[in-house]
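Structure first, commentary second.
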Amino acid sequence: SASTGQSSANSKQAAGDTSKPAAPKSDLPAALKSFKPIATFYLSYQAGSQYSGSPSTTVDYNSFQLKRGYFGADMDISPYLTGRFVSDVTLDSTGDVKLRAKYMYAKFHWTGNNAITNPYVEFGLAHMPWLDFEEALNGFRMQDTMFLERNGIFNSADVGVLVGSDLGGSLSSDYKSKVNKNYAGRYGSWQVGVYNGGGYHAAEKNTNKVFEGRLSIRPVPSAVPGLQFTVFGVVGKGNVAVTNGIEPPDWKSFNGMVSYESQYFTFTGQGYFGTGNQGGSVLQSDKITAADQKGFSVFAAVHIPLPHFGEKITVLGRADEFNSNTSIYSDVQRRYIAGVAFHLYKSNILLFDFERLNHSKSSIPGENRAQITMQVAL
């Protein structure tokens with residue numbers, strides 16, 4: 001009763017109770033409740049030797065690097081509509097820090113059904129189907145770019161529309177918490193997109209559109225949920241303007257991958273063949289016709305729980321081979337990467353790695369790079 005409450009209050013005052021009433025809980029303004037921040041930075045120190053451009057000559061270097069920085073937010077507008085903006089902080093060729101948009105799109109999403117699970121549509125500066133998928137498998141974009149982007153085939157986003165979904169429901173919450181929560185459809189996932197073709201840091205230079213698609217299948221999700229077979233393709237033109245009636249060069253890509261993930265081991269093996277690239281810069285000697293290319297990449301990582309030093313350590317290795325023009329004698333590049341990563345807390349990782357790049361042309365010496373990189377992420 002009110003009298004009982006008053007009596008209790010008087011008793012506390014008489015006993016000398018000086019405690020203050022609980023402060024009201026502070027809450028975010030209504031306008032900010034829908035925002036989910038995104039922030040990831042790669043901070044590095046590098047030392048090594050690189051080809052100088054003169055036959056059989058390298059130059060040494062060492063420097064601290066602001067490799068990359070991503071900052072932005074998802075904004076939940078309604079139960080079926082989310083907006084995303086992510087800025088990309090990078091260095092230009094002069095060393096000046098630049099800020100540009102990496103993603104800026106509206107995403108429509110819904111539950112779907114047992115066959116087509118969690119479908120979505122991204123419209124704007126959106127994901128392209130391959131690199132976000134591979135980076136989610138690899139987990140070490142902080143070391144450097146993935147195989148196809150490293151060899152100049154394409155980057156990770158473009159202006160257009162992307163449609164995708166998981167297949168056959170979702171894997172267990174245990175798998176998603178211990179192995180990988182991304183692209184965790186029980187039987188795989190798929191994506192199809194149509195884009196301008198310039199990527200996220202180049203204006204469209206022609207009216208051609210690029211068509212891209214990826215299909216990933218988990219053949220035995222009950223017995224081996226981490227096993228996937230993936231195919232990916234691109235059909236379009238390189239991002240070059242029509243000049244004197246000459247059409248832009250072809251850009252056609254095909255990539256196949258087998259991958260396996262578990263709590264303690266990750267493996268990917270992929271093979272690529274294609275014609276041309278996103279920028280339209282891979283050409284035959286006539287400077288008009290797109291050149292054919294091929295290559296492969298193998299990546300493996302062993303994850304070792306280490307509760308007395310963060311969460312775990314990962315020992316990783318990667319080997320790439322890429323032929324930039326199969327029609328002529330060109331420089332076939334072979335890249336080897338080895339490293340050890342300390343997972344400090346969630347996605348905050350300290351990586352030590354060494355990279356060796358060999359060239360098939362005898363006039364180009366091998367190149368080396370040792371690197372320490374810190375990934376800082378929310």
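Letters for chains follow the order of the structure tokens (A, B, ...), residue numbers begin at 1 for each chain, and ligand numbers begin at 1 in the order shown.
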
As number ranges by chain, list the residues of range 36-164 of chain A assigned to strand (DSSP E or B) by DSSP on the backbone atoms of this structure. A: 36-51, 58-78, 81-91, 97-109, 112, 116-127, 157-164

So which residues touch range 54-60 of chain A within 7 Å, counting only C-alpha atoms, skipping near sequence neighbours fewer than 6 positions away, as number ranges by chain? A: 48, 363-365

Can you spit out the residues from that selection as a CSV table (one decimal), in the first residue's frame, using N, CA, C and O atoms?
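Below you can see selection03.csv, which holds the result:
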chain,number,residue,atom,x,y,z
A,48,GLY,N,60.9,-5.7,-47.9
A,48,GLY,CA,61.2,-6.7,-48.9
A,48,GLY,C,61.9,-6.2,-50.1
A,48,GLY,O,62.5,-5.1,-50.0
A,363,SER,N,64.8,-12.8,-67.0
A,363,SER,CA,65.2,-11.4,-66.8
A,363,SER,C,64.5,-10.7,-65.6
A,363,SER,O,64.9,-9.7,-65.2
A,364,ILE,N,63.5,-11.4,-65.0
A,364,ILE,CA,62.8,-10.8,-63.9
A,364,ILE,C,63.1,-11.6,-62.7
A,364,ILE,O,62.8,-12.8,-62.6
A,365,PRO,N,63.8,-11.0,-61.7
A,365,PRO,CA,64.2,-11.7,-60.5
A,365,PRO,C,63.0,-12.0,-59.6
A,365,PRO,O,62.0,-11.3,-59.7

Give me the residues of range 148-207 of chain A that have any atom at most 8 Å from an atom of range 218-242 of chain A; for each, the nearest atom pair and the distance in Å, rounded to one decimal. Use only C-alpha atoms, sort by chain and number, and format it as a Markdown table.
| residue | atom | partner | partner_atom | distance |
| --- | --- | --- | --- | --- |
| A:Leu171 | CA | A:Pro225 | CA | 7.7 |
| A:Arg186 | CA | A:Pro221 | CA | 6.1 |
| A:Tyr187 | CA | A:Arg218 | CA | 4.7 |
| A:Gly188 | CA | A:Arg218 | CA | 5.2 |
| A:Gly197 | CA | A:Asn239 | CA | 6.0 |
| A:Gly198 | CA | A:Asn239 | CA | 5.5 |
| A:Glu204 | CA | A:Asn239 | CA | 6.5 |
| A:Lys205 | CA | A:Ala241 | CA | 4.8 |
| A:Asn206 | CA | A:Ala241 | CA | 5.1 |

Please produce, as CSV, a per-residue contact table for range 259-282 of chain A versus range 299-310 of chain A (criterion: any atom at most 7 Å away, only C-alpha atoms considered), showing the nearest atom pair and its distance in Å to one decimal, sorted by chain then residue number.
residue,atom,partner,partner_atom,distance
A:Tyr264,CA,A:His303,CA,4.6
A:Phe265,CA,A:Val302,CA,4.7
A:Thr266,CA,A:Ala301,CA,5.1
A:Phe267,CA,A:Ala300,CA,4.4
A:Thr268,CA,A:Phe299,CA,5.2
A:Gly269,CA,A:Phe299,CA,6.4

Just the selected residues (N, CA, C and O atoms), exported as a PDB file, in the first residue's frame, please.
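Contents of again_2.pdb, freshly written:
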ATOM      1  N   TYR A 264      38.692 -26.772 -37.322  1.00  0.00           N
ATOM      2  CA  TYR A 264      40.140 -26.841 -37.189  1.00  0.00           C
ATOM      3  C   TYR A 264      40.896 -26.759 -38.512  1.00  0.00           C
ATOM      4  O   TYR A 264      42.125 -26.672 -38.502  1.00  0.00           O
ATOM      5  N   PHE A 265      40.189 -26.757 -39.642  1.00  0.00           N
ATOM      6  CA  PHE A 265      40.896 -26.807 -40.922  1.00  0.00           C
ATOM      7  C   PHE A 265      40.067 -26.139 -42.010  1.00  0.00           C
ATOM      8  O   PHE A 265      38.841 -26.288 -42.052  1.00  0.00           O
ATOM      9  N   THR A 266      40.752 -25.391 -42.886  1.00  0.00           N
ATOM     10  CA  THR A 266      40.121 -24.776 -44.056  1.00  0.00           C
ATOM     11  C   THR A 266      40.966 -25.082 -45.284  1.00  0.00           C
ATOM     12  O   THR A 266      42.199 -24.989 -45.231  1.00  0.00           O
ATOM     13  N   PHE A 267      40.308 -25.416 -46.397  1.00  0.00           N
ATOM     14  CA  PHE A 267      41.019 -25.682 -47.652  1.00  0.00           C
ATOM     15  C   PHE A 267      40.193 -25.144 -48.816  1.00  0.00           C
ATOM     16  O   PHE A 267      38.969 -25.298 -48.852  1.00  0.00           O
ATOM     17  N   THR A 268      40.861 -24.500 -49.777  1.00  0.00           N
ATOM     18  CA  THR A 268      40.229 -24.130 -51.043  1.00  0.00           C
ATOM     19  C   THR A 268      41.200 -24.429 -52.185  1.00  0.00           C
ATOM     20  O   THR A 268      42.405 -24.191 -52.051  1.00  0.00           O
ATOM     21  N   GLY A 269      40.674 -24.950 -53.264  1.00  0.00           N
ATOM     22  CA  GLY A 269      41.452 -25.149 -54.482  1.00  0.00           C
ATOM     23  C   GLY A 269      40.628 -24.682 -55.664  1.00  0.00           C
ATOM     24  O   GLY A 269      39.473 -25.093 -55.830  1.00  0.00           O
TER      25      GLY A 269
END

Please, which residues of range 142-357 of chain A, numbered as in this document, come out alpha helix (DSSP H) from DSSP, as a VMD selection string? chain A and resid 147 to 150 173 to 178

Output C-alpha atoms for every residue in that selection, as a short mmCIF file (atom, residue, chain, number, x, y, z; two decimals), in the first residue's frame.
data_model
loop_
_atom_site.label_atom_id
_atom_site.label_comp_id
_atom_site.auth_asym_id
_atom_site.auth_seq_id
_atom_site.Cartn_x
_atom_site.Cartn_y
_atom_site.Cartn_z
CA PHE A 147 43.68 -14.82 -56.32
CA LEU A 148 41.56 -13.33 -59.12
CA GLU A 149 41.63 -9.77 -57.82
CA ARG A 150 45.40 -10.07 -57.19
CA SER A 173 23.66 -22.84 -35.30
CA ASP A 174 26.59 -24.88 -33.95
CA TYR A 175 28.22 -24.93 -37.41
CA LYS A 176 27.61 -21.23 -37.90
CA SER A 177 29.09 -20.31 -34.51
CA LYS A 178 32.13 -22.61 -34.69
#

Shortest contact to Ser63 in chain A, candidates A:Phe85, A:Tyr103, A:Tyr45, A:Phe354, atoms counted only C-alpha atoms, goes to A:Tyr45

If you count only C-alpha atoms, which residues fall within 6 Å of range 73-81 of chain A, apart from same-chain ones fewer than 2 positions away, as a ChimeraX atom specification? /A:34-38,83-85,107-110

Write out the residues from the selection above, keeping N, CA and C atoms, as a PDB file, in the first residue's frame.
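As written to disk, result.pdb reads:
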ATOM      1  N   SER A  34      18.270   1.689 -35.476  1.00  0.00           N
ATOM      2  CA  SER A  34      18.302   0.811 -36.646  1.00  0.00           C
ATOM      3  C   SER A  34      19.685   0.700 -37.271  1.00  0.00           C
ATOM      4  N   PHE A  35      20.679   1.456 -36.767  1.00  0.00           N
ATOM      5  CA  PHE A  35      22.014   1.470 -37.358  1.00  0.00           C
ATOM      6  C   PHE A  35      22.889   0.387 -36.729  1.00  0.00           C
ATOM      7  N   LYS A  36      23.596  -0.364 -37.583  1.00  0.00           N
ATOM      8  CA  LYS A  36      24.566  -1.362 -37.139  1.00  0.00           C
ATOM      9  C   LYS A  36      25.915  -0.984 -37.744  1.00  0.00           C
ATOM     10  N   PRO A  37      26.843  -0.488 -36.924  1.00  0.00           N
ATOM     11  CA  PRO A  37      28.107   0.018 -37.472  1.00  0.00           C
ATOM     12  C   PRO A  37      28.969  -1.080 -38.069  1.00  0.00           C
ATOM     13  N   ILE A  38      29.755  -0.710 -39.084  1.00  0.00           N
ATOM     14  CA  ILE A  38      30.723  -1.591 -39.739  1.00  0.00           C
ATOM     15  C   ILE A  38      32.064  -0.875 -39.723  1.00  0.00           C
ATOM     16  N   GLY A  83      19.425  -0.724 -45.779  1.00  0.00           N
ATOM     17  CA  GLY A  83      20.351   0.065 -46.567  1.00  0.00           C
ATOM     18  C   GLY A  83      21.766  -0.114 -46.036  1.00  0.00           C
ATOM     19  N   ARG A  84      22.744  -0.148 -46.919  1.00  0.00           N
ATOM     20  CA  ARG A  84      24.145  -0.249 -46.484  1.00  0.00           C
ATOM     21  C   ARG A  84      24.982   0.804 -47.188  1.00  0.00           C
ATOM     22  N   PHE A  85      25.832   1.470 -46.393  1.00  0.00           N
ATOM     23  CA  PHE A  85      26.869   2.329 -46.953  1.00  0.00           C
ATOM     24  C   PHE A  85      28.186   1.987 -46.268  1.00  0.00           C
ATOM     25  N   LYS A 107      18.875  -3.216 -49.883  1.00  0.00           N
ATOM     26  CA  LYS A 107      18.766  -4.681 -49.883  1.00  0.00           C
ATOM     27  C   LYS A 107      17.367  -5.096 -49.441  1.00  0.00           C
ATOM     28  N   PHE A 108      16.646  -5.723 -50.347  1.00  0.00           N
ATOM     29  CA  PHE A 108      15.350  -6.310 -50.032  1.00  0.00           C
ATOM     30  C   PHE A 108      15.590  -7.771 -49.636  1.00  0.00           C
ATOM     31  N   HIS A 109      15.012  -8.203 -48.522  1.00  0.00           N
ATOM     32  CA  HIS A 109      15.266  -9.563 -48.046  1.00  0.00           C
ATOM     33  C   HIS A 109      14.022 -10.108 -47.348  1.00  0.00           C
ATOM     34  N   TRP A 110      13.841 -11.408 -47.436  1.00  0.00           N
ATOM     35  CA  TRP A 110      12.697 -12.043 -46.797  1.00  0.00           C
ATOM     36  C   TRP A 110      13.061 -13.487 -46.444  1.00  0.00           C
TER      37      TRP A 110
END

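Here CA of His359 in chain A stands at a distance of 22.9 Å from CA of Asn255 in chain A.
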
For Ala106 in chain A, please output as JSON, numbers by chain all residues within 6 Å (counting only C-alpha atoms; exclusion window: fewer than 4 positions along the same chain). {"A": [82, 83, 122, 123]}

Write a file of the selected residues as a short mmCIF file (atom, residue, chain, number, x, y, z; two decimals), in the first residue's frame, keeping C-alpha atoms.
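What ended up in out17.cif:
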data_model
loop_
_atom_site.label_atom_id
_atom_site.label_comp_id
_atom_site.auth_asym_id
_atom_site.auth_seq_id
_atom_site.Cartn_x
_atom_site.Cartn_y
_atom_site.Cartn_z
CA THR A 82 18.04 -2.65 -45.30
CA GLY A 83 20.35 0.07 -46.57
CA GLU A 122 20.81 -5.74 -53.68
CA PHE A 123 20.34 -2.65 -55.86
#

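Using only C-alpha atoms, the residues found no farther than 12 Å from Thr111 in chain A, other than those of its own chain fewer than 5 positions away, are A:Pro79, A:Tyr80, A:Ile116, A:Thr117, A:Asn118, A:Pro119, A:Tyr120, A:Ser165, A:Asp166, A:Leu167, A:Gly169, A:Ser170.
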
What lies within 10 Å of Thr90 in chain A using only C-alpha atoms, ignoring chain neighbours under 6 positions off, as an MDAnalysis selection string? chainID A and resid 66:70 96:100

Preceding selection exported with N, CA and C atoms as a PDB file, in the first residue's frame:
ATOM      1  N   LEU A  66      49.085   1.944 -44.177  1.00  0.00           N
ATOM      2  CA  LEU A  66      47.649   1.911 -43.912  1.00  0.00           C
ATOM      3  C   LEU A  66      47.037   1.156 -45.084  1.00  0.00           C
ATOM      4  N   LYS A  67      46.958  -0.170 -44.966  1.00  0.00           N
ATOM      5  CA  LYS A  67      46.602  -0.976 -46.123  1.00  0.00           C
ATOM      6  C   LYS A  67      45.172  -0.717 -46.587  1.00  0.00           C
ATOM      7  N   ARG A  68      44.241  -0.717 -45.642  1.00  0.00           N
ATOM      8  CA  ARG A  68      42.851  -0.533 -46.024  1.00  0.00           C
ATOM      9  C   ARG A  68      42.043  -0.152 -44.800  1.00  0.00           C
ATOM     10  N   GLY A  69      40.949   0.538 -44.998  1.00  0.00           N
ATOM     11  CA  GLY A  69      40.031   0.850 -43.920  1.00  0.00           C
ATOM     12  C   GLY A  69      38.604   0.909 -44.440  1.00  0.00           C
ATOM     13  N   TYR A  70      37.714   0.185 -43.791  1.00  0.00           N
ATOM     14  CA  TYR A  70      36.307   0.180 -44.182  1.00  0.00           C
ATOM     15  C   TYR A  70      35.481   0.682 -43.006  1.00  0.00           C
ATOM     16  N   ASP A  96      48.740   9.524 -50.918  1.00  0.00           N
ATOM     17  CA  ASP A  96      47.698  10.335 -50.298  1.00  0.00           C
ATOM     18  C   ASP A  96      46.522   9.439 -49.902  1.00  0.00           C
ATOM     19  N   VAL A  97      45.948   9.681 -48.714  1.00  0.00           N
ATOM     20  CA  VAL A  97      44.816   8.904 -48.238  1.00  0.00           C
ATOM     21  C   VAL A  97      43.543   9.381 -48.947  1.00  0.00           C
ATOM     22  N   LYS A  98      42.808   8.424 -49.531  1.00  0.00           N
ATOM     23  CA  LYS A  98      41.587   8.740 -50.259  1.00  0.00           C
ATOM     24  C   LYS A  98      40.405   8.018 -49.624  1.00  0.00           C
ATOM     25  N   LEU A  99      39.238   8.631 -49.716  1.00  0.00           N
ATOM     26  CA  LEU A  99      37.999   8.039 -49.229  1.00  0.00           C
ATOM     27  C   LEU A  99      37.037   7.900 -50.397  1.00  0.00           C
ATOM     28  N   ARG A 100      36.537   6.683 -50.588  1.00  0.00           N
ATOM     29  CA  ARG A 100      35.593   6.444 -51.683  1.00  0.00           C
ATOM     30  C   ARG A 100      34.541   5.450 -51.205  1.00  0.00           C
TER      31      ARG A 100
END

Non-local contacts of Ile288 in chain A (10 Å; only C-alpha atoms; under 2 positions in same chain excluded) as an MDAnalysis selection string: chainID A and resid 246:250 280:286 290:291

Same residues, N, CA, C and O atoms, saved as a PDB file, in the first residue's frame:
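Output (result_16.pdb):
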ATOM      1  N   ILE A 246      35.671   0.821 -82.893  1.00  0.00           N
ATOM      2  CA  ILE A 246      36.192  -0.445 -82.361  1.00  0.00           C
ATOM      3  C   ILE A 246      35.521  -0.741 -81.028  1.00  0.00           C
ATOM      4  O   ILE A 246      35.588   0.048 -80.090  1.00  0.00           O
ATOM      5  N   GLU A 247      34.880  -1.897 -80.938  1.00  0.00           N
ATOM      6  CA  GLU A 247      34.164  -2.289 -79.735  1.00  0.00           C
ATOM      7  C   GLU A 247      35.135  -2.636 -78.606  1.00  0.00           C
ATOM      8  O   GLU A 247      36.289  -3.004 -78.856  1.00  0.00           O
ATOM      9  N   PRO A 248      34.698  -2.508 -77.356  1.00  0.00           N
ATOM     10  CA  PRO A 248      35.548  -2.899 -76.229  1.00  0.00           C
ATOM     11  C   PRO A 248      35.924  -4.378 -76.310  1.00  0.00           C
ATOM     12  O   PRO A 248      35.191  -5.182 -76.884  1.00  0.00           O
ATOM     13  N   PRO A 249      37.062  -4.767 -75.748  1.00  0.00           N
ATOM     14  CA  PRO A 249      37.472  -6.176 -75.787  1.00  0.00           C
ATOM     15  C   PRO A 249      36.559  -7.056 -74.947  1.00  0.00           C
ATOM     16  O   PRO A 249      35.913  -6.588 -74.003  1.00  0.00           O
ATOM     17  N   ASP A 250      36.507  -8.333 -75.285  1.00  0.00           N
ATOM     18  CA  ASP A 250      35.688  -9.277 -74.540  1.00  0.00           C
ATOM     19  C   ASP A 250      36.206  -9.439 -73.114  1.00  0.00           C
ATOM     20  O   ASP A 250      37.398  -9.295 -72.833  1.00  0.00           O
ATOM     21  N   GLY A 280      39.574  -4.110 -69.197  1.00  0.00           N
ATOM     22  CA  GLY A 280      39.835  -4.130 -70.634  1.00  0.00           C
ATOM     23  C   GLY A 280      41.289  -3.935 -70.986  1.00  0.00           C
ATOM     24  O   GLY A 280      41.623  -3.532 -72.110  1.00  0.00           O
ATOM     25  N   SER A 281      42.198  -4.262 -70.050  1.00  0.00           N
ATOM     26  CA  SER A 281      43.621  -3.989 -70.257  1.00  0.00           C
ATOM     27  C   SER A 281      44.433  -5.211 -70.663  1.00  0.00           C
ATOM     28  O   SER A 281      45.618  -5.083 -70.973  1.00  0.00           O
ATOM     29  N   VAL A 282      43.813  -6.403 -70.674  1.00  0.00           N
ATOM     30  CA  VAL A 282      44.532  -7.628 -71.046  1.00  0.00           C
ATOM     31  C   VAL A 282      44.315  -7.877 -72.530  1.00  0.00           C
ATOM     32  O   VAL A 282      43.275  -8.399 -72.947  1.00  0.00           O
ATOM     33  N   LEU A 283      45.311  -7.492 -73.360  1.00  0.00           N
ATOM     34  CA  LEU A 283      45.137  -7.489 -74.808  1.00  0.00           C
ATOM     35  C   LEU A 283      46.273  -8.229 -75.504  1.00  0.00           C
ATOM     36  O   LEU A 283      47.378  -8.348 -74.976  1.00  0.00           O
ATOM     37  N   GLN A 284      45.967  -8.700 -76.717  1.00  0.00           N
ATOM     38  CA  GLN A 284      46.985  -9.264 -77.592  1.00  0.00           C
ATOM     39  C   GLN A 284      47.861  -8.135 -78.148  1.00  0.00           C
ATOM     40  O   GLN A 284      47.629  -6.954 -77.875  1.00  0.00           O
ATOM     41  N   SER A 285      48.827  -8.488 -78.946  1.00  0.00           N
ATOM     42  CA  SER A 285      49.760  -7.494 -79.484  1.00  0.00           C
ATOM     43  C   SER A 285      49.073  -6.474 -80.395  1.00  0.00           C
ATOM     44  O   SER A 285      49.602  -5.381 -80.604  1.00  0.00           O
ATOM     45  N   ASP A 286      47.870  -6.803 -80.920  1.00  0.00           N
ATOM     46  CA  ASP A 286      47.160  -5.833 -81.766  1.00  0.00           C
ATOM     47  C   ASP A 286      46.483  -4.737 -80.951  1.00  0.00           C
ATOM     48  O   ASP A 286      45.926  -3.788 -81.522  1.00  0.00           O
ATOM     49  N   ALA A 290      41.134  -9.216 -76.850  1.00  0.00           N
ATOM     50  CA  ALA A 290      41.410  -9.648 -75.483  1.00  0.00           C
ATOM     51  C   ALA A 290      42.256 -10.914 -75.473  1.00  0.00           C
ATOM     52  O   ALA A 290      42.085 -11.798 -76.319  1.00  0.00           O
ATOM     53  N   ALA A 291      43.175 -11.000 -74.530  1.00  0.00           N
ATOM     54  CA  ALA A 291      44.065 -12.157 -74.407  1.00  0.00           C
ATOM     55  C   ALA A 291      43.450 -13.219 -73.501  1.00  0.00           C
ATOM     56  O   ALA A 291      42.709 -12.916 -72.565  1.00  0.00           O
TER      57      ALA A 291
END

What is the distance, in Å and to one decimal place, between CA of Asp88 in chain A and CA of Leu351 in chain A? 21.3 Å

How close does each residue of range 101-147 of chain A get to range 323-340 of chain A, giving the shortest atom pair and distance in Å to one decimal for every residue with an atom at most 12 Å away, counting only C-alpha atoms, sorted by chain and residue number, as a tab-separated table?
residue	atom	partner	partner_atom	distance
A:Phe140	CA	A:Gly339	CA	10.3
A:Met142	CA	A:Gly339	CA	11.8
A:Gln143	CA	A:Gly339	CA	9.0
A:Asp144	CA	A:Ile337	CA	10.3
A:Met146	CA	A:Ile337	CA	11.9
A:Phe147	CA	A:Arg335	CA	9.8
